[in-house]
>>> print(open('start.cif').read())   # mmCIF, C-alpha atoms and all ligand atoms
data_protein
loop_
_atom_site.label_atom_id
_atom_site.label_comp_id
_atom_site.auth_asym_id
_atom_site.auth_seq_id
_atom_site.Cartn_x
_atom_site.Cartn_y
_atom_site.Cartn_z
CA MET A 1 -32.21 -6.60 -14.48
CA CYS A 2 -29.57 -7.38 -17.07
CA ARG A 3 -26.50 -6.23 -15.22
CA LEU A 4 -25.28 -6.13 -11.66
CA ALA A 5 -25.53 -2.84 -9.82
CA THR A 6 -22.26 -1.02 -9.13
CA VAL A 7 -21.71 0.74 -5.80
CA ILE A 8 -19.45 3.80 -6.05
CA VAL A 9 -18.26 5.74 -3.01
CA VAL A 10 -17.23 9.38 -3.31
CA THR A 11 -14.70 9.84 -0.53
CA SER A 12 -11.71 11.95 0.53
CA GLY A 13 -10.81 11.89 4.20
CA LYS A 14 -10.48 15.66 4.33
CA GLY A 15 -13.60 17.80 4.55
CA GLY A 16 -14.79 20.43 2.12
CA VAL A 17 -12.88 19.19 -0.91
CA GLY A 18 -15.89 18.69 -3.20
CA LYS A 19 -17.35 15.24 -2.42
CA THR A 20 -20.96 16.36 -2.36
CA THR A 21 -20.50 18.56 -5.43
CA THR A 22 -18.94 15.56 -7.21
CA SER A 23 -21.58 13.06 -6.01
CA ALA A 24 -24.42 15.29 -7.25
CA SER A 25 -22.88 15.91 -10.67
CA PHE A 26 -21.60 12.36 -11.16
CA ALA A 27 -24.97 10.81 -10.32
CA THR A 28 -26.78 13.36 -12.50
CA GLY A 29 -24.38 12.63 -15.39
CA LEU A 30 -24.93 8.87 -15.16
CA ALA A 31 -28.70 9.33 -15.10
CA GLN A 32 -28.57 11.80 -18.03
CA ARG A 33 -26.90 9.07 -20.04
CA GLY A 34 -29.74 6.69 -19.32
CA TYR A 35 -28.49 4.70 -16.35
CA ARG A 36 -30.87 4.14 -13.45
CA THR A 37 -29.00 5.85 -10.64
CA VAL A 38 -29.52 6.57 -6.95
CA VAL A 39 -27.33 8.86 -4.86
CA ILE A 40 -27.22 8.32 -1.09
CA ASP A 41 -26.18 10.93 1.47
CA PHE A 42 -24.10 9.17 4.16
CA ASP A 43 -23.42 12.43 6.00
CA VAL A 44 -25.84 11.64 8.82
CA GLY A 45 -26.45 14.69 11.00
CA LEU A 46 -25.09 17.12 8.40
CA ARG A 47 -27.14 16.48 5.33
CA ASN A 48 -26.30 18.67 2.36
CA LEU A 49 -26.79 16.62 -0.75
CA ASP A 50 -30.50 17.56 -0.76
CA LEU A 51 -29.58 21.25 -1.02
CA ILE A 52 -27.06 20.71 -3.80
CA MET A 53 -29.62 18.62 -5.72
CA GLY A 54 -32.36 21.16 -5.02
CA CYS A 55 -34.76 18.74 -3.33
CA GLU A 56 -34.52 19.90 0.30
CA ARG A 57 -38.20 20.83 0.51
CA ARG A 58 -39.29 17.36 -0.53
CA VAL A 59 -37.49 15.33 2.14
CA VAL A 60 -40.00 13.37 4.21
CA TYR A 61 -38.21 10.19 5.25
CA ASP A 62 -34.50 9.50 5.20
CA PHE A 63 -31.86 6.75 5.00
CA ILE A 64 -31.95 6.07 8.77
CA ASN A 65 -35.76 5.75 8.73
CA VAL A 66 -35.34 3.05 6.09
CA ILE A 67 -32.58 1.29 8.04
CA ASN A 68 -34.81 1.30 11.14
CA ASN A 69 -37.85 0.11 9.16
CA GLU A 70 -39.75 3.30 10.00
CA ALA A 71 -40.29 3.87 6.29
CA ASN A 72 -39.78 1.84 3.16
CA LEU A 73 -37.54 2.81 0.28
CA ASN A 74 -40.38 3.98 -1.92
CA GLN A 75 -41.40 6.46 0.75
CA ALA A 76 -37.88 7.77 1.29
CA LEU A 77 -36.51 7.96 -2.26
CA ILE A 78 -36.90 11.39 -3.85
CA ARG A 79 -37.28 11.57 -7.58
CA ASP A 80 -34.90 14.13 -9.10
CA LYS A 81 -36.61 17.04 -10.82
CA HIS A 82 -33.84 17.79 -13.32
CA VAL A 83 -33.17 14.45 -14.98
CA GLU A 84 -34.96 11.15 -15.40
CA ASN A 85 -33.65 7.87 -13.94
CA LEU A 86 -32.28 9.64 -10.85
CA TYR A 87 -33.33 9.26 -7.22
CA ILE A 88 -31.92 10.73 -4.01
CA LEU A 89 -31.85 9.05 -0.61
CA PRO A 90 -31.29 11.84 1.91
CA ALA A 91 -29.42 11.59 5.21
CA SER A 92 -31.08 12.05 8.56
CA GLN A 93 -30.62 15.47 10.07
CA THR A 94 -31.45 14.45 13.63
CA ARG A 95 -29.68 11.16 14.31
CA ASP A 96 -26.01 10.47 14.67
CA LYS A 97 -23.78 8.20 12.67
CA ASP A 98 -24.16 5.26 15.07
CA ALA A 99 -27.53 4.71 13.45
CA LEU A 100 -25.66 3.50 10.35
CA THR A 101 -25.33 -0.20 11.11
CA LYS A 102 -23.46 -2.48 8.76
CA ASP A 103 -26.41 -4.86 8.51
CA GLY A 104 -28.83 -2.00 7.92
CA VAL A 105 -26.72 -0.42 5.20
CA GLU A 106 -26.22 -3.81 3.56
CA ARG A 107 -29.95 -4.49 3.51
CA VAL A 108 -30.81 -1.12 1.99
CA LEU A 109 -28.07 -1.42 -0.65
CA GLY A 110 -29.30 -4.91 -1.44
CA GLU A 111 -32.81 -3.58 -2.05
CA LEU A 112 -31.52 -0.70 -4.17
CA LYS A 113 -29.49 -3.12 -6.28
CA GLN A 114 -32.78 -4.67 -7.43
CA SER A 115 -33.80 -1.52 -9.28
CA PHE A 116 -30.71 0.61 -9.91
CA GLU A 117 -27.61 0.22 -12.04
CA TYR A 118 -25.44 2.73 -10.20
CA ILE A 119 -25.51 3.47 -6.48
CA VAL A 120 -23.45 6.55 -5.61
CA CYS A 121 -22.53 6.99 -1.93
CA ASP A 122 -21.64 10.54 -0.83
CA SER A 123 -19.28 10.00 2.10
CA PRO A 124 -18.90 12.37 5.04
CA ALA A 125 -15.42 13.69 5.82
CA GLY A 126 -13.14 11.89 8.27
CA ILE A 127 -12.40 8.23 8.81
CA GLU A 128 -15.05 7.49 11.41
CA ARG A 129 -18.15 5.38 11.23
CA GLY A 130 -20.03 7.36 8.57
CA ALA A 131 -17.09 7.37 6.19
CA LEU A 132 -16.30 3.71 6.88
CA MET A 133 -19.91 2.67 6.22
CA ALA A 134 -20.00 4.71 2.99
CA LEU A 135 -16.97 2.90 1.59
CA TYR A 136 -17.45 -0.57 3.09
CA PHE A 137 -19.67 -1.99 0.34
CA ALA A 138 -18.06 -0.09 -2.55
CA ASP A 139 -17.04 -1.68 -5.84
CA GLU A 140 -15.38 1.52 -7.05
CA ALA A 141 -14.21 4.73 -5.38
CA LEU A 142 -13.93 8.31 -6.57
CA VAL A 143 -11.23 9.79 -4.35
CA VAL A 144 -11.75 13.54 -4.39
CA THR A 145 -8.54 15.46 -3.76
CA ASN A 146 -7.56 19.13 -3.82
CA PRO A 147 -4.05 20.09 -4.92
CA GLU A 148 -3.00 20.86 -1.40
CA VAL A 149 -0.85 18.97 1.14
CA SER A 150 -3.39 17.95 3.77
CA SER A 151 -5.94 16.82 1.18
CA VAL A 152 -3.38 14.65 -0.65
CA ARG A 153 -2.21 13.07 2.58
CA ASP A 154 -5.77 12.31 3.68
CA SER A 155 -6.56 10.80 0.29
CA ASP A 156 -3.61 8.48 0.69
CA ARG A 157 -4.97 7.49 4.09
CA ILE A 158 -8.37 6.74 2.57
CA LEU A 159 -6.71 4.63 -0.15
CA GLY A 160 -5.13 2.59 2.64
CA ILE A 161 -8.53 2.10 4.26
CA LEU A 162 -10.13 1.08 0.96
CA ALA A 163 -7.38 -1.50 0.55
CA SER A 164 -7.73 -2.96 4.03
CA ARG A 165 -11.16 -2.30 5.53
CA SER A 166 -13.65 -2.46 2.69
CA ARG A 167 -15.73 -5.58 2.30
CA ARG A 168 -13.80 -6.48 -0.82
CA ALA A 169 -10.56 -6.34 1.16
CA GLU A 170 -11.97 -8.29 4.10
CA GLN A 171 -13.35 -11.02 1.91
CA GLY A 172 -10.31 -11.23 -0.34
CA ASP A 173 -12.26 -10.24 -3.47
CA SER A 174 -10.73 -8.12 -6.22
CA PRO A 175 -9.88 -4.70 -4.75
CA VAL A 176 -12.08 -1.61 -4.89
CA LYS A 177 -11.36 0.16 -8.20
CA GLU A 178 -9.87 3.56 -7.46
CA HIS A 179 -10.27 6.79 -9.46
CA LEU A 180 -8.70 10.14 -8.71
CA VAL A 181 -10.83 13.27 -9.01
CA LEU A 182 -8.62 16.32 -8.68
CA ALA A 183 -11.00 19.14 -7.77
CA ARG A 184 -10.62 22.90 -7.38
CA TYR A 185 -7.63 22.91 -9.69
CA ALA A 186 -6.18 26.25 -10.76
CA PRO A 187 -3.87 25.65 -13.75
CA GLU A 188 -2.25 29.11 -13.58
CA ARG A 189 -1.23 28.59 -9.98
CA ALA A 190 0.15 25.14 -10.68
CA HIS A 191 2.02 26.55 -13.66
CA ARG A 192 3.48 29.29 -11.49
CA GLY A 193 4.69 26.66 -9.04
CA ASP A 194 2.65 27.68 -6.03
CA MET A 195 0.13 24.86 -6.27
CA LEU A 196 0.73 21.13 -6.67
CA SER A 197 0.26 20.14 -10.32
CA VAL A 198 -1.81 17.25 -11.68
CA GLU A 199 1.44 15.34 -12.31
CA ASP A 200 2.64 15.95 -8.73
CA VAL A 201 -0.57 14.58 -7.22
CA LEU A 202 -0.65 11.61 -9.59
CA GLU A 203 2.94 10.78 -8.78
CA ILE A 204 2.26 10.80 -5.04
CA LEU A 205 -1.05 8.95 -4.98
CA GLY A 206 -0.35 6.58 -7.86
CA ILE A 207 -3.95 5.91 -8.89
CA PRO A 208 -5.57 6.53 -12.31
CA LEU A 209 -6.89 10.03 -12.97
CA LEU A 210 -10.58 10.16 -13.80
CA GLY A 211 -10.95 13.91 -14.07
CA VAL A 212 -9.61 17.33 -13.20
CA ILE A 213 -12.29 19.79 -12.08
CA PRO A 214 -11.17 23.41 -12.28
CA GLU A 215 -11.78 25.92 -9.53
CA SER A 216 -14.86 27.71 -10.78
CA SER A 217 -17.31 30.30 -9.49
CA THR A 218 -20.10 28.42 -11.28
CA VAL A 219 -19.92 25.73 -8.58
CA LEU A 220 -21.02 28.22 -5.94
CA GLN A 221 -23.71 29.71 -8.19
CA SER A 222 -25.17 26.33 -9.02
CA SER A 223 -25.18 25.27 -5.38
CA ASN A 224 -27.01 28.52 -4.60
CA ALA A 225 -29.63 27.50 -7.14
CA GLY A 226 -29.77 23.81 -6.19
CA VAL A 227 -28.78 22.66 -9.66
CA PRO A 228 -25.87 20.19 -10.00
CA VAL A 229 -23.08 21.99 -11.84
CA ILE A 230 -22.88 19.31 -14.54
CA LEU A 231 -26.15 20.75 -15.87
CA GLU A 232 -24.35 24.06 -16.51
CA GLU A 233 -22.83 22.55 -19.60
CA SER A 234 -21.25 25.74 -20.86
CA SER A 235 -19.27 26.31 -17.67
CA ASP A 236 -15.81 24.79 -17.39
CA ALA A 237 -16.62 22.89 -14.16
CA GLY A 238 -19.84 21.55 -15.72
CA ALA A 239 -18.01 20.43 -18.85
CA ALA A 240 -15.25 18.87 -16.74
CA TYR A 241 -17.83 16.78 -14.86
CA GLY A 242 -19.42 15.79 -18.16
CA ASP A 243 -16.07 14.52 -19.43
CA LEU A 244 -15.46 12.74 -16.13
CA VAL A 245 -18.71 10.78 -16.46
CA GLU A 246 -17.90 9.87 -20.08
CA ARG A 247 -14.49 8.60 -19.01
CA PHE A 248 -16.03 6.60 -16.19
CA LEU A 249 -18.27 4.95 -18.77
CA GLY A 250 -15.25 4.01 -20.85
CA LYS A 251 -14.69 6.83 -23.32
CA GLU A 252 -11.16 8.12 -23.79
CA LEU A 253 -11.13 11.89 -23.58
CA PRO A 254 -8.20 14.26 -23.04
CA GLN A 255 -8.16 16.41 -19.88
CA ARG A 256 -9.33 19.83 -20.96
CA PHE A 257 -8.75 22.00 -17.91
CA VAL A 258 -5.18 21.29 -16.92
CA THR A 259 -3.24 23.85 -18.91
CA THR A 260 -3.22 27.61 -18.74
CA GLN A 261 -4.78 29.33 -21.67
CA LYS A 262 -2.08 30.91 -23.78
CA LYS A 263 -2.60 34.61 -23.51
CA GLY A 264 -1.24 37.28 -25.78
CA PHE A 265 1.32 39.66 -24.38
CA LEU A 266 -1.14 42.56 -24.11
CA LYS A 267 -3.80 40.47 -22.42
CA ARG A 268 -1.26 39.27 -19.90
CA LEU A 269 -0.21 42.82 -19.21
CA PHE A 270 -3.60 44.44 -19.04
CA GLY A 271 -5.74 41.87 -17.41
CA GLY A 272 -8.11 39.05 -17.91
CA SER A 273 -7.34 36.51 -15.25
CA MET B 1 -1.47 40.07 -13.49
CA GLY B 2 0.65 43.22 -13.25
CA LEU B 3 3.72 44.33 -15.12
CA PHE B 4 6.11 43.07 -12.49
CA ASP B 5 4.50 39.65 -12.30
CA TYR B 6 4.92 39.32 -15.98
CA PHE B 7 8.64 39.87 -15.91
CA ARG B 8 9.23 37.70 -12.88
CA PRO B 9 10.32 34.21 -13.92
CA PRO B 10 7.40 31.80 -13.52
CA SER B 11 9.33 29.49 -11.18
CA SER B 12 10.26 32.18 -8.66
CA SER B 13 7.89 30.61 -6.15
CA LYS B 14 8.92 27.04 -5.42
CA SER B 15 6.39 26.26 -2.75
CA ALA B 16 4.72 23.49 -4.78
CA ALA B 17 8.04 21.69 -5.12
CA LEU B 18 8.49 21.88 -1.37
CA ALA B 19 4.95 20.59 -0.82
CA LYS B 20 5.59 17.66 -3.13
CA GLU B 21 8.82 16.74 -1.40
CA ARG B 22 7.25 16.86 2.07
CA LEU B 23 4.27 14.81 0.89
CA GLN B 24 6.44 12.14 -0.68
CA ILE B 25 8.28 11.69 2.60
CA ILE B 26 5.26 11.61 4.90
CA VAL B 27 3.17 9.42 2.60
CA ALA B 28 6.00 6.88 2.23
CA HIS B 29 6.38 6.83 5.99
CA GLU B 30 2.68 6.34 6.65
CA ARG B 31 2.38 3.64 3.98
CA GLY B 32 5.28 1.86 5.64
CA ASP B 33 3.38 1.82 8.92
CA ARG B 34 0.38 0.36 7.18
CA ARG B 35 2.31 -2.27 5.30
CA ASN B 36 4.46 -3.57 8.10
CA SER B 37 1.57 -5.60 9.32
CA PRO B 38 -1.23 -6.60 6.97
CA ASP B 39 1.13 -8.77 4.87
CA TYR B 40 0.72 -11.85 6.99
CA LEU B 41 -2.91 -11.22 7.89
CA PRO B 42 -4.49 -13.00 4.90
CA THR B 43 -2.39 -16.13 5.54
CA LEU B 44 -3.11 -15.99 9.25
CA LYS B 45 -6.80 -15.76 8.46
CA LYS B 46 -6.66 -18.68 6.05
CA GLU B 47 -4.80 -20.92 8.48
CA LEU B 48 -7.11 -20.00 11.34
CA LEU B 49 -10.07 -20.87 9.15
CA GLU B 50 -8.58 -24.30 8.46
CA VAL B 51 -8.00 -24.98 12.15
CA VAL B 52 -11.47 -23.87 13.24
CA ARG B 53 -13.06 -25.89 10.44
CA LYS B 54 -11.66 -29.08 11.94
CA TYR B 55 -14.19 -28.59 14.72
CA VAL B 56 -16.95 -26.28 13.48
CA PRO B 57 -18.23 -25.69 9.94
CA ILE B 58 -17.76 -21.97 9.22
CA ASP B 59 -17.04 -19.98 6.09
CA GLN B 60 -14.51 -17.24 5.58
CA SER B 61 -16.96 -14.41 6.19
CA GLN B 62 -17.31 -15.67 9.77
CA ILE B 63 -13.69 -14.93 10.58
CA LYS B 64 -12.50 -11.36 11.00
CA VAL B 65 -8.88 -10.51 11.65
CA HIS B 66 -7.96 -6.92 12.21
CA LEU B 67 -4.75 -5.26 13.28
CA ASP B 68 -4.69 -1.77 14.80
CA ARG B 69 -1.81 0.38 15.89
CA GLU B 70 -2.12 2.81 18.73
CA GLY B 71 0.96 4.63 19.91
CA GLY B 72 3.53 1.93 20.52
CA TYR B 73 0.97 -0.91 20.71
CA GLU B 74 -0.40 -3.27 18.13
CA ILE B 75 -3.79 -4.77 18.81
CA LEU B 76 -4.72 -7.94 16.97
CA GLU B 77 -8.46 -8.34 16.96
CA LEU B 78 -9.84 -11.76 16.15
CA ASN B 79 -13.53 -12.38 15.73
CA ILE B 80 -15.02 -15.77 14.94
CA THR B 81 -18.76 -16.14 14.61
CA LEU B 82 -19.96 -19.67 15.25
CA PRO B 83 -23.12 -20.98 13.60
CA GLU B 84 -26.19 -20.72 15.84
CA GLU B 85 -27.61 -24.23 15.33
CA ARG B 86 -24.44 -25.64 16.75
CA LEU B 87 -25.03 -23.88 20.05
CA SER B 88 -28.69 -24.80 20.46
CA SER B 89 -28.23 -28.47 19.57
CA ARG B 90 -25.99 -29.07 22.52
N1 LIG C 1 -14.55 23.02 -8.47
C1 LIG C 1 -14.90 23.90 -7.51
N2 LIG C 1 -14.70 25.23 -7.67
C2 LIG C 1 -15.05 26.10 -6.71
N3 LIG C 1 -15.63 25.78 -5.56
C3 LIG C 1 -15.86 24.46 -5.32
C4 LIG C 1 -15.50 23.45 -6.28
N4 LIG C 1 -15.84 22.24 -5.75
C5 LIG C 1 -16.39 22.50 -4.54
N5 LIG C 1 -16.41 23.82 -4.27
C6 LIG C 1 -16.91 24.49 -3.06
O1 LIG C 1 -16.28 23.93 -1.95
C7 LIG C 1 -17.17 23.82 -0.86
C8 LIG C 1 -17.22 22.39 -0.36
O2 LIG C 1 -17.78 21.57 -1.38
P1 LIG C 1 -18.57 20.23 -1.02
O3 LIG C 1 -19.67 20.48 -0.07
O4 LIG C 1 -18.89 19.55 -2.31
O5 LIG C 1 -17.40 19.45 -0.27
P2 LIG C 1 -17.51 18.13 0.61
O6 LIG C 1 -16.22 17.40 0.39
O7 LIG C 1 -18.76 17.40 0.33
O8 LIG C 1 -17.57 18.74 2.08
P3 LIG C 1 -17.88 17.91 3.44
O9 LIG C 1 -16.59 17.20 3.77
O10 LIG C 1 -18.21 18.98 4.42
O11 LIG C 1 -18.99 16.97 3.15
C9 LIG C 1 -18.51 24.33 -1.34
O12 LIG C 1 -18.66 25.67 -0.95
C10 LIG C 1 -18.40 24.23 -2.85
O13 LIG C 1 -19.18 25.21 -3.48
MG MG C 2 -20.30 16.69 1.66
#
>>> encode(input="start.cif", output="structure tokens")
Amino acid sequence: MCRLATVIVVTSGKGGVGKTTTSASFATGLAQRGYRTVVIDFDVGLRNLDLIMGCERRVVYDFINVINNEANLNQALIRDKHVENLYILPASQTRDKDALTKDGVERVLGELKQSFEYIVCDSPAGIERGALMALYFADEALVVTNPEVSSVRDSDRILGILASRSRRAEQGDSPVKEHLVLARYAPERAHRGDMLSVEDVLEILGIPLLGVIPESSTVLQSSNAGVPVILEESSDAGAAYGDLVERFLGKELPQRFVTTQKKGFLKRLFGGS
Amino acid sequence: MGLFDYFRPPSSSKSAALAKERLQIIVAHERGDRRNSPDYLPTLKKELLEVVRKYVPIDQSQIKVHLDREGGYEILELNITLPEERLSSR
């Protein structure tokens, strides 16, 4: 292995903001670009990542089985059917989050670091055990936020936890690197002044923006089909996730989905939303 | 978008501005709560480590200092893990 594995948590505090959607597309995007990637579902008891990735029928063993030594990693890891270099470690559907022990998680991550370059942790909502375990070992964090008051506040809370309760914070290492993912953004509504704008959210949270993901019906369609939306390259949400991955890997790209399309007078009068 | 929407000035609804203002206030307040304490924690931890090391060899991962706030209380949680050999050799 020529480089050290990076652990990235996808977190938010608030539920339903797009963490699992982001984890699936982000991991798929990294793998598409040739990086050996594994995505872990930390939402023990409420697993969903398998459905979004389209591998729900192939789950035999899960993360908790591996922690409890009831299965080894090779038995539990599911090879993604859409892209190479990508594996999924599903959550248990029957246990509760107490099964996630710090020692157990550390051991499994340590083993994964032997063979993967990126380890993406899909956090459950909240700030309880599951969420704390998902972020504890992180090197970097994608903080998924919707342009809405409770989501922004919860993201700020999570930023506080990353800064004080992650392993990096506890051991006095360099802090977890934070990235903002502003999801379900509707430029027209922000422009009209009835939704927080990108600038508003950036000003409040004060962390670097990695990507803006527009509100898009393609997200629902692709979750229906079990295909991460990043693979729908012609859709705006898919393209936005593609850009996000490129930026994560160091490319400088402008945000494409933050402004309203300029519409002609007639189009504005007679429709086309 | 209908005819009337088109002629209404775009800023007629100011709810986002209100949201931003409320968020700035609450977030500043909650950050204040967080920051009142952890400032001295790293130093406290370092000094504790030095004191304990006079008697037992431990490294910094064996000391955990954590401060919680609940209602009007602050709970300082201190956890020091001593090496096992030390215990059995006595
Ligand atoms: N950009 C988007 N446009 C439209 N719908 C979206 C978008 N992102 C997510 N959604 C929808 O929002 C819902 C929640 O998404 P998702 O499951 O990814 O959130 P989550 O943060 O993982 O939720 P939980 O906290 O329950 O784990 C889903 O129905 C998903 O299809
Ligand atoms: Mg989820």
>>> atom_distance(input="start.cif", atom1="CA of Val149 (chain A)", atom2="atom O1 of ligand LIG 1 (chain C)")
16.5 Å
>>> residues_around(input="start.cif", residues="Val65 (chain B)", least_positions_apart="4", cutoff="9 Å", atoms="only C-alpha atoms", output="list in words")
Glu170 of chain A; Leu41, Pro42, Leu44, Lys45, Leu76, Glu77, Leu78, Asn79 and Ile80 of chain B
>>> closest_residue(input="start.cif", among="A:Pro175, A:Gly15, A:Pro254, A:Gly110", to="ligand LIG 1 (chain C)", atoms="only C-alpha atoms and all ligand atoms")
A:Gly15
>>> interface_residues(input="start.cif", of="chain A", to="chain B", cutoff="9 Å", atoms="only C-alpha atoms", output="compact mmCIF listing (two decimals) with C-alpha atoms, in the coordinates of the input")
# COMPACT_ATOMS: atom_id res chain seq x y z
CA GLU A 148 -3.00 20.86 -1.40
CA VAL A 149 -0.85 18.97 1.14
CA SER A 150 -3.39 17.95 3.77
CA VAL A 152 -3.38 14.65 -0.65
CA ARG A 153 -2.21 13.07 2.58
CA ASP A 156 -3.61 8.48 0.69
CA ARG A 157 -4.97 7.49 4.09
CA GLY A 160 -5.13 2.59 2.64
CA SER A 164 -7.73 -2.96 4.03
CA ARG A 165 -11.16 -2.30 5.53
CA GLU A 170 -11.97 -8.29 4.10
CA GLN A 171 -13.35 -11.02 1.91
CA GLY A 172 -10.31 -11.23 -0.34
CA ALA A 190 0.15 25.14 -10.68
CA HIS A 191 2.02 26.55 -13.66
CA ARG A 192 3.48 29.29 -11.49
CA GLY A 193 4.69 26.66 -9.04
CA ASP A 194 2.65 27.68 -6.03
CA MET A 195 0.13 24.86 -6.27
CA LEU A 196 0.73 21.13 -6.67
CA SER A 197 0.26 20.14 -10.32
CA ASP A 200 2.64 15.95 -8.73
CA VAL A 201 -0.57 14.58 -7.22
CA GLU A 203 2.94 10.78 -8.78
CA ILE A 204 2.26 10.80 -5.04
CA LEU A 205 -1.05 8.95 -4.98
CA ARG A 268 -1.26 39.27 -19.90
CA LEU A 269 -0.21 42.82 -19.21
CA PHE A 270 -3.60 44.44 -19.04
CA GLY A 271 -5.74 41.87 -17.41
CA GLY A 272 -8.11 39.05 -17.91
CA SER A 273 -7.34 36.51 -15.25
>>> residues_near_ligand(input="start.cif", ligand="ligand LIG 1 (chain C)", cutoff="7 Å", atoms="only C-alpha atoms and all ligand atoms", output="PDB file with C-alpha atoms, keeping the file's coordinate frame")
ATOM      1  CA  LYS A  14     -10.480  15.660   4.330  1.00  0.00           C
ATOM      2  CA  GLY A  15     -13.600  17.800   4.550  1.00  0.00           C
ATOM      3  CA  GLY A  16     -14.790  20.430   2.120  1.00  0.00           C
ATOM      4  CA  VAL A  17     -12.880  19.190  -0.910  1.00  0.00           C
ATOM      5  CA  GLY A  18     -15.890  18.690  -3.200  1.00  0.00           C
ATOM      6  CA  LYS A  19     -17.350  15.240  -2.420  1.00  0.00           C
ATOM      7  CA  THR A  20     -20.960  16.360  -2.360  1.00  0.00           C
ATOM      8  CA  THR A  21     -20.500  18.560  -5.430  1.00  0.00           C
ATOM      9  CA  THR A  22     -18.940  15.560  -7.210  1.00  0.00           C
ATOM     10  CA  ASP A  43     -23.420  12.430   6.000  1.00  0.00           C
ATOM     11  CA  PRO A 124     -18.900  12.370   5.040  1.00  0.00           C
ATOM     12  CA  ALA A 125     -15.420  13.690   5.820  1.00  0.00           C
ATOM     13  CA  ALA A 183     -11.000  19.140  -7.770  1.00  0.00           C
ATOM     14  CA  ARG A 184     -10.620  22.900  -7.380  1.00  0.00           C
ATOM     15  CA  ILE A 213     -12.290  19.790 -12.080  1.00  0.00           C
ATOM     16  CA  PRO A 214     -11.170  23.410 -12.280  1.00  0.00           C
ATOM     17  CA  GLU A 215     -11.780  25.920  -9.530  1.00  0.00           C
ATOM     18  CA  SER A 216     -14.860  27.710 -10.780  1.00  0.00           C
ATOM     19  CA  SER A 217     -17.310  30.300  -9.490  1.00  0.00           C
ATOM     20  CA  VAL A 219     -19.920  25.730  -8.580  1.00  0.00           C
ATOM     21  CA  LEU A 220     -21.020  28.220  -5.940  1.00  0.00           C
ATOM     22  CA  SER A 223     -25.180  25.270  -5.380  1.00  0.00           C
ATOM     23  CA  ALA A 237     -16.620  22.890 -14.160  1.00  0.00           C
TER      24      ALA A 237
END
>>> atom_distance(input="start.cif", atom1="CA of Phe63 (chain A)", atom2="CA of Ala91 (chain A)")
5.4 Å
>>> atom_distance(input="start.cif", atom1="CA of Phe42 (chain A)", atom2="CA of Val198 (chain A)")
28.5 Å
>>> closest_residue(input="start.cif", among="A:Asp62, A:Asp122, A:Glu178, A:Asp243", to="ligand MG 2 (chain C)", atoms="all atoms listed in the file")
A:Asp122
>>> closest_residue(input="start.cif", among="A:Arg47, A:Asn74, A:His82, A:Glu252", to="Ile230 (chain A)", atoms="only C-alpha atoms")
A:His82
>>> closest_residue(input="start.cif", among="A:Ala31, A:Ala24, A:Ile161, A:Leu142", to="ligand MG 2 (chain C)", atoms="all atoms listed in the file")
A:Ala24
